[in-house]
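Visitor: As input, take input21.cif (mmCIF, C-alpha atoms and all ligand atoms):
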```
data_model
loop_
_atom_site.label_atom_id
_atom_site.label_comp_id
_atom_site.auth_asym_id
_atom_site.auth_seq_id
_atom_site.Cartn_x
_atom_site.Cartn_y
_atom_site.Cartn_z
CA MET B 28 81.05 94.98 -85.13
CA SER B 29 83.13 91.98 -85.98
CA VAL B 30 85.43 91.15 -88.86
CA ALA B 31 83.69 89.16 -91.51
CA VAL B 32 86.53 86.73 -92.09
CA GLN B 33 89.07 85.31 -89.68
CA ASP B 34 92.74 85.50 -90.65
CA TRP B 35 91.89 87.73 -93.58
CA LYS B 36 94.68 89.81 -95.11
CA PRO B 37 94.29 92.86 -97.40
CA SER B 38 96.22 90.96 -100.11
CA ASP B 39 93.90 87.91 -100.14
CA TRP B 40 92.15 89.17 -103.28
CA ARG B 41 95.35 88.43 -105.26
CA ALA B 42 94.50 84.70 -105.25
CA ARG B 43 91.24 85.41 -107.13
CA PRO B 44 90.41 86.56 -110.64
CA ALA B 45 90.32 90.38 -110.58
CA LEU B 46 88.35 92.06 -113.37
CA GLN B 47 88.70 95.70 -114.46
CA GLN B 48 92.24 96.24 -113.11
CA PRO B 49 94.75 98.66 -114.64
CA ASP B 50 97.47 97.20 -116.81
CA PHE B 51 100.71 99.08 -116.20
CA ALA B 52 103.57 98.86 -118.69
CA ASP B 53 106.06 99.29 -115.83
CA PRO B 54 104.89 97.17 -112.86
CA ALA B 55 107.94 98.15 -110.79
CA ALA B 56 106.99 101.84 -111.06
CA ALA B 57 103.45 100.96 -109.99
CA GLN B 58 104.85 99.07 -106.99
CA ARG B 59 106.87 102.11 -105.93
CA ILE B 60 103.84 104.36 -106.15
CA LEU B 61 101.63 101.94 -104.23
CA ALA B 62 104.31 101.66 -101.52
CA ASP B 63 104.34 105.45 -101.30
CA ILE B 64 100.53 105.54 -101.03
CA ALA B 65 100.69 102.94 -98.23
CA GLN B 66 103.32 105.03 -96.48
CA ARG B 67 101.22 108.21 -96.70
CA GLY B 68 98.44 106.15 -95.20
CA PRO B 69 94.67 105.95 -94.77
CA LEU B 70 92.35 108.91 -95.35
CA VAL B 71 89.65 107.98 -92.85
CA THR B 72 89.59 106.76 -89.25
CA ALA B 73 88.05 103.60 -87.82
CA GLU B 74 85.85 105.78 -85.60
CA GLU B 75 84.38 107.65 -88.59
CA CYS B 76 83.75 104.39 -90.46
CA ALA B 77 82.13 102.83 -87.39
CA GLU B 78 79.93 105.93 -87.00
CA LEU B 79 78.71 105.52 -90.58
CA ARG B 80 77.93 101.85 -89.96
CA LEU B 81 75.74 102.80 -87.01
CA ALA B 82 74.02 105.45 -89.14
CA CYS B 83 73.40 102.87 -91.89
CA ALA B 84 71.95 100.46 -89.30
CA ALA B 85 69.49 103.19 -88.27
CA ALA B 86 68.56 103.69 -91.93
CA ALA B 87 68.02 99.94 -92.30
CA ARG B 88 65.52 100.17 -89.43
CA GLY B 89 63.75 103.05 -91.18
CA GLU B 90 64.84 105.65 -88.63
CA SER B 91 66.83 107.68 -91.15
CA PHE B 92 67.42 107.81 -94.91
CA ILE B 93 70.71 107.43 -96.79
CA LEU B 94 71.39 109.97 -99.53
CA GLN B 95 74.45 108.82 -101.44
CA ALA B 96 75.25 111.18 -104.30
CA GLY B 97 78.01 112.68 -106.34
CA ASP B 98 79.81 112.61 -109.64
CA CYS B 99 79.99 109.53 -111.82
CA ALA B 100 83.74 110.14 -111.82
CA GLU B 101 85.68 112.79 -109.93
CA SER B 102 88.21 114.89 -111.82
CA LEU B 103 91.83 115.48 -110.87
CA ASP B 104 91.50 118.87 -112.58
CA ALA B 105 88.98 120.11 -110.01
CA ASP B 106 90.05 121.98 -106.89
CA PRO B 107 89.47 119.51 -104.04
CA ALA B 108 88.16 122.02 -101.48
CA GLN B 109 85.92 123.87 -103.95
CA ALA B 110 84.49 120.66 -105.40
CA ALA B 111 83.88 119.25 -101.91
CA ASP B 112 82.14 122.44 -100.75
CA ALA B 113 79.91 122.46 -103.82
CA MET B 114 78.98 118.78 -103.48
CA ALA B 115 78.37 119.06 -99.72
CA ALA B 116 76.09 122.06 -100.36
CA LEU B 117 74.20 120.18 -103.08
CA ILE B 118 73.68 117.13 -100.85
CA ARG B 119 72.51 119.43 -98.01
CA ARG B 120 70.02 120.98 -100.42
CA LEU B 121 68.77 117.51 -101.44
CA ALA B 122 68.56 116.43 -97.80
CA GLY B 123 66.17 119.32 -97.25
CA ARG B 124 63.57 117.41 -99.30
CA VAL B 125 63.69 114.37 -96.99
CA PRO B 126 61.51 114.52 -93.85
CA GLN B 127 63.67 111.95 -92.02
CA THR B 128 67.18 112.41 -90.67
CA VAL B 129 69.53 112.03 -93.62
CA VAL B 130 72.77 110.03 -93.68
CA PRO B 131 74.75 112.03 -96.27
CA ILE B 132 77.33 110.07 -98.26
CA GLY B 133 79.22 111.60 -101.19
CA ARG B 134 80.51 109.73 -104.21
CA ILE B 135 83.60 111.71 -103.37
CA GLY B 136 87.15 111.54 -102.07
CA GLY B 137 88.14 108.52 -104.17
CA GLN B 138 85.64 108.07 -107.02
CA PHE B 139 88.39 108.07 -109.63
CA ALA B 140 88.21 104.60 -111.22
CA LYS B 141 85.49 103.41 -113.59
CA PRO B 142 84.51 99.88 -114.60
CA ARG B 143 83.93 99.69 -118.35
CA SER B 144 81.94 97.34 -120.57
CA ALA B 145 84.49 97.43 -123.43
CA SER B 146 88.27 97.72 -123.04
CA GLU B 147 88.73 99.70 -126.28
CA GLU B 148 87.09 102.82 -127.64
CA VAL B 149 86.86 103.23 -131.41
CA ARG B 150 86.56 106.66 -133.05
CA GLU B 151 86.61 107.07 -136.81
CA GLY B 152 88.26 103.69 -137.24
CA ARG B 153 90.93 104.38 -134.62
CA SER B 154 90.98 102.20 -131.49
CA LEU B 155 92.51 103.23 -128.13
CA PRO B 156 92.24 101.88 -124.58
CA VAL B 157 88.99 103.06 -123.02
CA TYR B 158 89.02 105.83 -120.40
CA ARG B 159 88.97 104.19 -116.94
CA GLY B 160 88.90 107.20 -114.64
CA ASP B 161 91.47 109.82 -113.68
CA SER B 162 93.36 107.46 -111.33
CA ILE B 163 94.20 105.17 -114.28
CA ASN B 164 94.32 107.20 -117.50
CA ARG B 165 93.02 110.45 -118.97
CA LEU B 166 89.95 111.26 -121.04
CA ALA B 167 91.58 112.83 -124.13
CA PHE B 168 91.40 110.52 -127.16
CA GLU B 169 95.17 110.29 -127.57
CA GLU B 170 97.50 107.36 -127.18
CA SER B 171 99.58 109.01 -124.45
CA ALA B 172 96.50 110.02 -122.45
CA ARG B 173 94.94 106.58 -122.61
CA ALA B 174 98.03 104.66 -121.43
CA HIS B 175 97.60 103.39 -117.87
CA ASP B 176 99.79 105.61 -115.72
CA PRO B 177 100.56 104.56 -112.12
CA SER B 178 101.51 108.11 -111.11
CA LEU B 179 97.79 108.93 -111.46
CA LEU B 180 97.06 106.61 -108.53
CA GLY B 181 99.38 108.75 -106.43
CA ALA B 182 97.69 111.91 -107.69
CA ALA B 183 94.23 110.48 -106.91
CA HIS B 184 95.36 109.58 -103.40
CA ARG B 185 96.66 113.11 -102.79
CA HIS B 186 93.48 114.62 -104.23
CA SER B 187 91.26 112.32 -102.17
CA SER B 188 93.28 113.10 -99.07
CA ALA B 189 92.76 116.84 -99.62
CA THR B 190 89.03 116.30 -100.24
CA ILE B 191 88.41 114.18 -97.14
CA ARG B 192 90.54 116.45 -94.96
CA HIS B 193 88.55 119.43 -96.20
CA LEU B 194 85.22 117.69 -95.55
CA ARG B 195 86.38 116.95 -92.00
CA GLU B 196 87.79 120.41 -91.30
CA SER B 197 84.78 122.23 -92.74
CA ARG B 198 82.49 120.03 -90.58
CA SER B 199 80.39 119.28 -93.63
CA GLY B 200 79.18 115.99 -92.07
CA LEU B 201 79.52 114.34 -95.46
CA PHE B 202 80.90 110.79 -95.49
CA ALA B 203 83.15 109.73 -98.39
CA SER B 204 82.48 106.73 -100.62
CA HIS B 205 83.60 105.28 -103.92
CA GLU B 206 83.57 102.06 -105.90
CA ALA B 207 86.26 99.70 -104.61
CA LEU B 208 87.64 98.94 -108.04
CA VAL B 209 91.45 99.17 -108.12
CA LEU B 210 92.31 96.56 -105.53
CA ALA B 211 96.04 97.29 -105.22
CA TYR B 212 95.09 100.85 -104.22
CA GLU B 213 92.50 99.61 -101.72
CA GLU B 214 94.95 97.07 -100.29
CA ALA B 215 97.61 99.76 -99.79
CA LEU B 216 95.27 101.81 -97.58
CA CYS B 217 93.84 99.07 -95.32
CA PHE B 218 94.67 99.36 -91.64
CA PRO B 219 93.92 97.32 -88.50
CA ASP B 220 92.32 98.82 -85.39
CA PRO B 221 93.29 97.87 -81.79
CA ASP B 222 90.69 95.07 -81.88
CA ARG B 223 92.47 93.66 -84.95
CA ARG B 224 89.62 94.43 -87.31
CA TRP B 225 90.71 95.60 -90.76
CA TRP B 226 89.24 98.78 -92.21
CA ALA B 227 89.50 100.11 -95.73
CA GLY B 228 91.28 103.44 -95.31
CA SER B 229 90.38 104.93 -98.70
CA GLY B 230 86.84 106.03 -97.74
CA HIS B 231 84.12 105.52 -95.16
CA MET B 232 81.92 103.34 -97.34
CA LEU B 233 82.91 101.35 -100.42
CA TRP B 234 80.77 99.56 -102.93
CA ILE B 235 81.25 96.73 -105.38
CA GLY B 236 79.95 97.44 -108.87
CA GLU B 237 77.64 95.44 -111.08
CA ARG B 238 80.58 94.23 -113.21
CA THR B 239 82.84 92.99 -110.38
CA ARG B 240 80.49 91.36 -107.87
CA GLN B 241 81.35 87.71 -108.75
CA VAL B 242 80.93 85.67 -105.55
CA ASP B 243 84.34 84.01 -105.98
CA GLY B 244 86.01 87.05 -107.50
CA ALA B 245 88.71 89.34 -106.14
CA HIS B 246 86.46 92.29 -105.28
CA VAL B 247 84.19 90.24 -103.06
CA ALA B 248 87.24 88.60 -101.44
CA PHE B 249 88.56 92.07 -100.64
CA ALA B 250 85.30 93.51 -99.35
CA ALA B 251 84.65 90.43 -97.20
CA GLY B 252 87.49 91.30 -94.85
CA ILE B 253 87.00 95.01 -94.26
CA ALA B 254 84.74 96.23 -91.46
CA ASN B 255 83.37 99.29 -93.32
CA ALA B 256 79.81 99.56 -94.55
CA VAL B 257 79.86 97.87 -97.96
CA GLY B 258 77.48 98.35 -100.87
CA VAL B 259 76.75 95.90 -103.66
CA LYS B 260 75.11 97.01 -106.88
CA CYS B 261 72.28 94.63 -107.75
CA GLY B 262 71.27 94.57 -111.40
CA PRO B 263 69.33 92.36 -113.83
CA SER B 264 71.94 89.57 -113.96
CA LEU B 265 71.78 88.91 -110.19
CA GLY B 266 69.69 85.92 -109.12
CA SER B 267 68.37 85.12 -105.64
CA GLU B 268 70.77 82.27 -105.00
CA GLU B 269 73.76 84.39 -105.96
CA LEU B 270 72.54 87.21 -103.74
CA LEU B 271 72.34 84.89 -100.75
CA ARG B 272 75.86 83.58 -101.42
CA LEU B 273 77.12 87.16 -101.68
CA ALA B 274 75.46 88.06 -98.40
CA ASP B 275 76.99 84.98 -96.74
CA ARG B 276 80.43 86.13 -97.89
CA LEU B 277 80.03 89.80 -97.10
CA ASP B 278 77.80 89.73 -94.04
CA PRO B 279 77.92 86.29 -92.42
CA GLY B 280 77.13 87.82 -89.03
CA ARG B 281 74.05 89.60 -90.45
CA GLU B 282 74.97 92.86 -88.83
CA PRO B 283 72.65 95.79 -89.50
CA GLY B 284 74.51 98.63 -91.23
CA ARG B 285 77.15 96.40 -92.78
CA LEU B 286 75.61 95.55 -96.16
CA LEU B 287 73.79 97.96 -98.45
CA LEU B 288 72.13 96.36 -101.45
CA ILE B 289 71.81 99.00 -104.16
CA ALA B 290 69.19 98.05 -106.76
CA ARG B 291 69.95 99.37 -110.28
CA PHE B 292 67.66 97.47 -112.59
CA GLY B 293 66.13 100.07 -114.84
CA ALA B 294 62.49 101.11 -114.98
CA ASP B 295 61.49 98.19 -117.18
CA SER B 296 62.88 95.37 -115.08
CA VAL B 297 62.99 96.58 -111.48
CA GLU B 298 59.77 94.89 -110.43
CA ARG B 299 60.51 91.57 -112.12
CA GLY B 300 64.18 91.53 -111.08
CA LEU B 301 64.03 92.92 -107.57
CA ALA B 302 60.94 91.23 -106.11
CA PRO B 303 62.55 87.75 -105.93
CA LEU B 304 65.72 89.24 -104.39
CA ILE B 305 63.77 91.08 -101.70
CA ARG B 306 61.79 87.93 -100.91
CA ALA B 307 64.92 85.75 -100.74
CA ALA B 308 66.68 88.29 -98.51
CA ARG B 309 63.67 88.46 -96.22
CA SER B 310 63.11 84.72 -95.98
CA GLU B 311 66.79 84.16 -95.13
CA GLY B 312 66.73 86.92 -92.53
CA LEU B 313 69.43 89.10 -94.13
CA ALA B 314 70.12 92.31 -92.26
CA ALA B 315 71.01 94.20 -95.46
CA ALA B 316 69.45 97.58 -96.23
CA TRP B 317 67.88 98.11 -99.67
CA MET B 318 68.70 101.27 -101.58
CA LEU B 319 67.92 102.41 -105.13
CA ASP B 320 70.31 103.67 -107.80
CA PRO B 321 67.87 104.82 -110.50
CA MET B 322 70.76 105.94 -112.75
CA HIS B 323 72.76 102.96 -113.99
CA GLY B 324 69.91 100.71 -115.12
CA ASN B 325 68.46 103.52 -117.21
CA THR B 326 71.38 104.30 -119.49
CA ARG B 327 70.73 103.99 -123.23
CA ARG B 328 73.14 104.30 -126.10
CA ILE B 329 71.93 106.61 -128.82
CA GLY B 330 74.40 106.72 -131.70
CA GLY B 331 77.37 105.95 -129.46
CA ARG B 332 76.33 108.56 -126.92
CA LYS B 333 74.96 107.73 -123.46
CA GLN B 334 71.52 109.01 -122.64
CA ARG B 335 69.42 108.93 -119.47
CA ARG B 336 65.85 110.15 -119.18
CA VAL B 337 64.52 111.60 -115.95
CA ALA B 338 61.14 109.99 -116.77
CA ASP B 339 62.74 106.52 -116.61
CA MET B 340 64.41 107.34 -113.30
CA LEU B 341 61.12 108.55 -111.85
CA ALA B 342 59.40 105.37 -113.07
CA GLU B 343 62.07 103.14 -111.45
CA THR B 344 61.85 105.19 -108.25
CA LYS B 345 58.08 104.76 -108.03
CA ALA B 346 58.35 101.02 -108.75
CA PHE B 347 61.11 100.53 -106.16
CA PHE B 348 59.30 102.34 -103.35
CA ALA B 349 55.98 100.63 -104.17
CA LEU B 350 57.70 97.24 -104.13
CA CYS B 351 59.41 97.94 -100.79
CA ARG B 352 56.05 98.95 -99.30
CA SER B 353 54.19 95.94 -100.66
CA GLU B 354 56.95 93.53 -99.56
CA GLY B 355 57.24 95.14 -96.14
CA VAL B 356 60.91 96.13 -96.40
CA VAL B 357 62.40 99.50 -95.55
CA PRO B 358 63.55 101.62 -98.51
CA ALA B 359 66.73 102.80 -96.81
CA GLY B 360 68.16 105.26 -99.31
CA LEU B 361 68.90 106.61 -102.76
CA HIS B 362 72.15 106.52 -104.73
CA LEU B 363 72.33 109.29 -107.35
CA GLU B 364 74.79 110.73 -109.84
CA VAL B 365 74.48 114.49 -109.58
CA THR B 366 76.34 117.48 -110.95
CA THR B 367 77.02 120.69 -109.10
CA GLY B 368 77.09 122.41 -112.50
CA GLU B 369 74.21 124.28 -114.10
CA ALA B 370 74.05 122.47 -117.43
CA ALA B 371 71.58 119.61 -117.75
CA GLU B 372 73.02 116.28 -118.90
CA CYS B 373 69.96 113.99 -118.63
CA VAL B 374 66.83 114.23 -120.76
CA GLY B 375 64.50 116.32 -118.58
CA ALA B 376 61.02 115.45 -117.38
CA ASP B 377 59.90 117.70 -120.26
CA GLY B 378 61.53 115.25 -122.71
CA ILE B 379 64.13 117.75 -123.89
CA ASP B 380 67.58 116.27 -124.53
CA PRO B 381 70.09 118.94 -123.51
CA MET B 382 72.93 117.28 -125.50
CA ALA B 383 75.38 118.65 -122.94
CA ASP B 384 78.91 117.31 -122.86
CA PHE B 385 79.73 115.07 -119.90
CA PRO B 386 82.90 113.15 -119.04
CA CYS B 387 81.44 109.79 -118.02
CA ASP B 388 77.70 109.27 -117.36
CA PRO B 389 74.93 111.89 -117.59
CA ARG B 390 74.25 113.26 -114.08
CA LEU B 391 71.17 114.86 -112.58
CA THR B 392 71.09 118.58 -111.96
CA ALA B 393 70.07 119.68 -108.46
CA ALA B 394 66.50 120.35 -109.62
CA GLN B 395 66.24 116.97 -111.38
CA ALA B 396 67.60 115.19 -108.30
CA GLU B 397 65.01 117.01 -106.17
CA LEU B 398 62.32 115.70 -108.49
CA VAL B 399 63.55 112.13 -107.97
CA ILE B 400 63.65 112.61 -104.20
CA ASP B 401 60.24 114.30 -104.06
CA THR B 402 58.80 111.41 -106.06
CA ALA B 403 60.38 108.90 -103.68
CA MET B 404 59.11 110.73 -100.60
CA ARG B 405 55.55 110.79 -101.96
CA CYS B 406 55.52 107.01 -102.52
C1 LIG B 501 78.70 103.52 -110.92
O1 LIG B 501 78.05 103.59 -109.87
O2 LIG B 501 79.41 104.44 -111.33
C2 LIG B 501 78.58 102.30 -111.76
C3 LIG B 501 79.42 102.05 -112.75
O3 LIG B 501 77.51 101.54 -111.44
P1 LIG B 501 77.18 100.01 -111.79
O4 LIG B 501 78.32 99.19 -111.26
O5 LIG B 501 75.91 99.80 -111.04
O6 LIG B 501 77.01 99.91 -113.27
CO CO B 502 78.16 106.20 -113.48
#
```
Could you express the structure from this file as structure tokens?

Guide:
Amino acid sequence: MSVAVQDWKPSDWRARPALQQPDFADPAAAQRILADIAQRGPLVTAEECAELRLACAAAARGESFILQAGDCAESLDADPAQAADAMAALIRRLAGRVPQTVVPIGRIGGQFAKPRSASEEVREGRSLPVYRGDSINRLAFEESARAHDPSLLGAAHRHSSATIRHLRESRSGLFASHEALVLAYEEALCFPDPDRRWWAGSGHMLWIGERTRQVDGAHVAFAAGIANAVGVKCGPSLGSEELLRLADRLDPGREPGRLLLIARFGADSVERGLAPLIRAARSEGLAAAWMLDPMHGNTRRIGGRKQRRVADMLAETKAFFALCRSEGVVPAGLHLEVTTGEAAECVGADGIDPMADFPCDPRLTAAQAELVIDTAMRC
């Protein structure tokens, strides 16, 4: 397992355009909090991260199956140990539907920052900064709640620390992952191992989202230097040439287990959009593993409210697995947004819209997630 980039430093991203970053009114206060986070240190070990990379390499070979699942956004209001127990139990339940060995990865222990399509939210003619996750601002539609508050980064670090410690101590076996979005936070937690490889210390696996995967952008510059398993969301705007450039940046050594390409096209465009990417990856001999996120390409806006239909997710799942089979690539895993709560948030397979309240994106209930997995396993 080598470092992707020689002479890389965790601060290198600062020379690149960084989208979706918090904008703090008091940068000096943010600096103090980031220094404190750096002092309190990483939440994961190099050994754990290396173990996950090996597990991902096995999944890329088809010997196991990655189940990455959790909340769209974690909440600072939740109890870390209780939330971690509930999510670990849910992912264990889902793993029971997979005949292969499962590599369980939670969207947990750091999933506190959200990329947004618009920077403002308008309600009844009033405009406020959009909610960006509990590590940046708060959900309530009030000016004070929506201000970017650096102390929340400190709170998210403490919460994530408690979560990951609990997962380790309870021997849940669940790895921690989140979107590598707030780069100053990620930089503060990087650490070198004795072989002088840099690891991201905020979680075992990080991914780059659909909105921040610019080849020459800050997020890719950051992810290029860390040795962790790294995911990249691949959606409709990603072309083959760009994918190959991304893979050259993020996985120049073509090391199995390093790069996870997470397709999130939507039921209507997965075949058209993904087939050329799979073919380009195969013809260039990329070692990346293909996964499916059937959630984020299937979000509609109905009267300002987000809606996802299980039927669309099942259709994208069938199309993805059929395409992998016909192209001769291994479908290495699923990436799902799930809730440990009882209330349905997505439109069920029966077509009924539950109209439940949700903080960020509609998540699958356990039973709905089982349906997606069962469908995948039958393909
Ligand atoms: C997410 O996974 O929460 C997300 C925002 O996904 P994407 O970047 O694929 O839209
Ligand atoms: Co989401």

Visitor: Return as a PyMOL selection string the residues of protein, DNA or RNA that approach ligand CO 502 (chain B) to within 8 Å, with only C-alpha atoms and all ligand atoms taken into account.

Guide: chain B and resi 98-100+141+322-323+364+387-389

Visitor: Which residue is closest to B:Arg299? Choose from B:Pro283, B:Gly230, B:Gly262, B:Gly368 and count only C-alpha atoms.

Guide: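 The answer is B:Gly262, which sits nearest to B:Arg299.
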
Visitor: Under the rule that all atoms listed in the file are counted, which of B:Val257, B:Val157, B:Val247, B:Val337 is the nearest residue to B:Pro381?

Guide: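 The shortest atom-to-atom distance to B:Pro381 comes from B:Val337.
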
Visitor: Calculated over only C-alpha atoms, which of the candidates B:Ala116, B:Ala314, B:Met404, B:Leu208 has the smallest distance to B:Arg281?

Guide: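 For B:Arg281, the nearest of the given residues is B:Ala314.
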
Visitor: Taking (93.5, 107.6, -114.9) as a centre in this file's frame and 7 Å as the limit, can you find every polymer residue with an atom that close, using all atoms listed in the file, and give them as a PDB file with C-alpha atoms, keeping the file's coordinate frame?

Guide:
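File written: part_19.pdb
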```
ATOM      1  CA  ARG B 159      88.970 104.190-116.940  1.00  0.00           C
ATOM      2  CA  GLY B 160      88.900 107.200-114.640  1.00  0.00           C
ATOM      3  CA  ASP B 161      91.470 109.820-113.680  1.00  0.00           C
ATOM      4  CA  SER B 162      93.360 107.460-111.330  1.00  0.00           C
ATOM      5  CA  ILE B 163      94.200 105.170-114.280  1.00  0.00           C
ATOM      6  CA  ASN B 164      94.320 107.200-117.500  1.00  0.00           C
ATOM      7  CA  ARG B 165      93.020 110.450-118.970  1.00  0.00           C
ATOM      8  CA  HIS B 175      97.600 103.390-117.870  1.00  0.00           C
ATOM      9  CA  ASP B 176      99.790 105.610-115.720  1.00  0.00           C
ATOM     10  CA  LEU B 179      97.790 108.930-111.460  1.00  0.00           C
TER      11      LEU B 179
END
```

Visitor: So, with only C-alpha atoms as the atoms that count, which of B:Ile118, B:Cys351, B:Ala396, B:Ala294 lies closest to B:Phe202?

Guide: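 Distance minimum relative to B:Phe202 lands on B:Ile118.
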
Visitor: Calculated over all atoms listed in the file, which of the candidates B:Leu121, B:Val365, B:Ala394, B:Ala254 has the smallest distance to B:Asp220?

Guide: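 Smallest separation from B:Asp220 among the options: B:Ala254.
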
Visitor: Of the candidates B:Gly228, B:Gly330, B:Gly360, B:Pro54, which shows the shortest atom-to-atom distance to B:Val125, using all atoms listed in the file?

Guide: B:Gly360

Visitor: What would stretch 351-358 of chain B look like with all heavy atoms restored, written as a compact mmCIF listing (two decimals), in the frame of the given file?

Guide:
```
# COMPACT_ATOMS: atom_id res chain seq x y z
N CYS B 351 58.97 98.00 -102.21
CA CYS B 351 59.41 97.94 -100.79
C CYS B 351 58.19 97.96 -99.88
O CYS B 351 58.10 97.17 -98.94
CB CYS B 351 60.34 99.10 -100.46
SG CYS B 351 61.99 98.92 -101.18
N ARG B 352 57.25 98.87 -100.16
CA ARG B 352 56.05 98.95 -99.30
C ARG B 352 55.27 97.65 -99.37
O ARG B 352 54.88 97.11 -98.35
CB ARG B 352 55.13 100.10 -99.75
CG ARG B 352 55.78 101.47 -99.75
CD ARG B 352 55.91 102.11 -98.37
NE ARG B 352 56.53 103.42 -98.49
CZ ARG B 352 57.58 103.85 -97.76
NH1 ARG B 352 58.11 103.09 -96.84
NH2 ARG B 352 58.09 105.05 -97.94
N SER B 353 55.06 97.12 -100.57
CA SER B 353 54.19 95.94 -100.66
C SER B 353 54.89 94.70 -100.09
O SER B 353 54.23 93.79 -99.62
CB SER B 353 53.71 95.72 -102.10
OG SER B 353 54.79 95.31 -102.89
N GLU B 354 56.23 94.68 -100.11
CA GLU B 354 56.95 93.53 -99.56
C GLU B 354 57.30 93.72 -98.09
O GLU B 354 57.91 92.85 -97.47
CB GLU B 354 58.23 93.27 -100.36
CG GLU B 354 58.00 92.84 -101.79
CD GLU B 354 57.31 91.47 -101.90
OE1 GLU B 354 57.54 90.62 -101.02
OE2 GLU B 354 56.54 91.27 -102.86
N GLY B 355 56.99 94.90 -97.56
CA GLY B 355 57.24 95.14 -96.14
C GLY B 355 58.71 95.30 -95.79
O GLY B 355 59.14 94.94 -94.70
N VAL B 356 59.52 95.83 -96.75
CA VAL B 356 60.91 96.13 -96.40
C VAL B 356 61.13 97.64 -96.41
O VAL B 356 60.40 98.38 -97.08
CB VAL B 356 61.94 95.45 -97.35
CG1 VAL B 356 61.77 93.94 -97.36
CG2 VAL B 356 61.85 96.02 -98.74
N VAL B 357 62.13 98.07 -95.67
CA VAL B 357 62.40 99.50 -95.55
C VAL B 357 63.17 99.98 -96.78
O VAL B 357 64.22 99.42 -97.09
CB VAL B 357 63.26 99.76 -94.28
CG1 VAL B 357 63.77 101.18 -94.25
CG2 VAL B 357 62.48 99.42 -93.03
N PRO B 358 62.70 101.00 -97.49
CA PRO B 358 63.55 101.62 -98.51
C PRO B 358 64.53 102.55 -97.79
O PRO B 358 64.15 103.60 -97.29
CB PRO B 358 62.55 102.39 -99.38
CG PRO B 358 61.32 102.57 -98.53
CD PRO B 358 61.40 101.67 -97.34
```
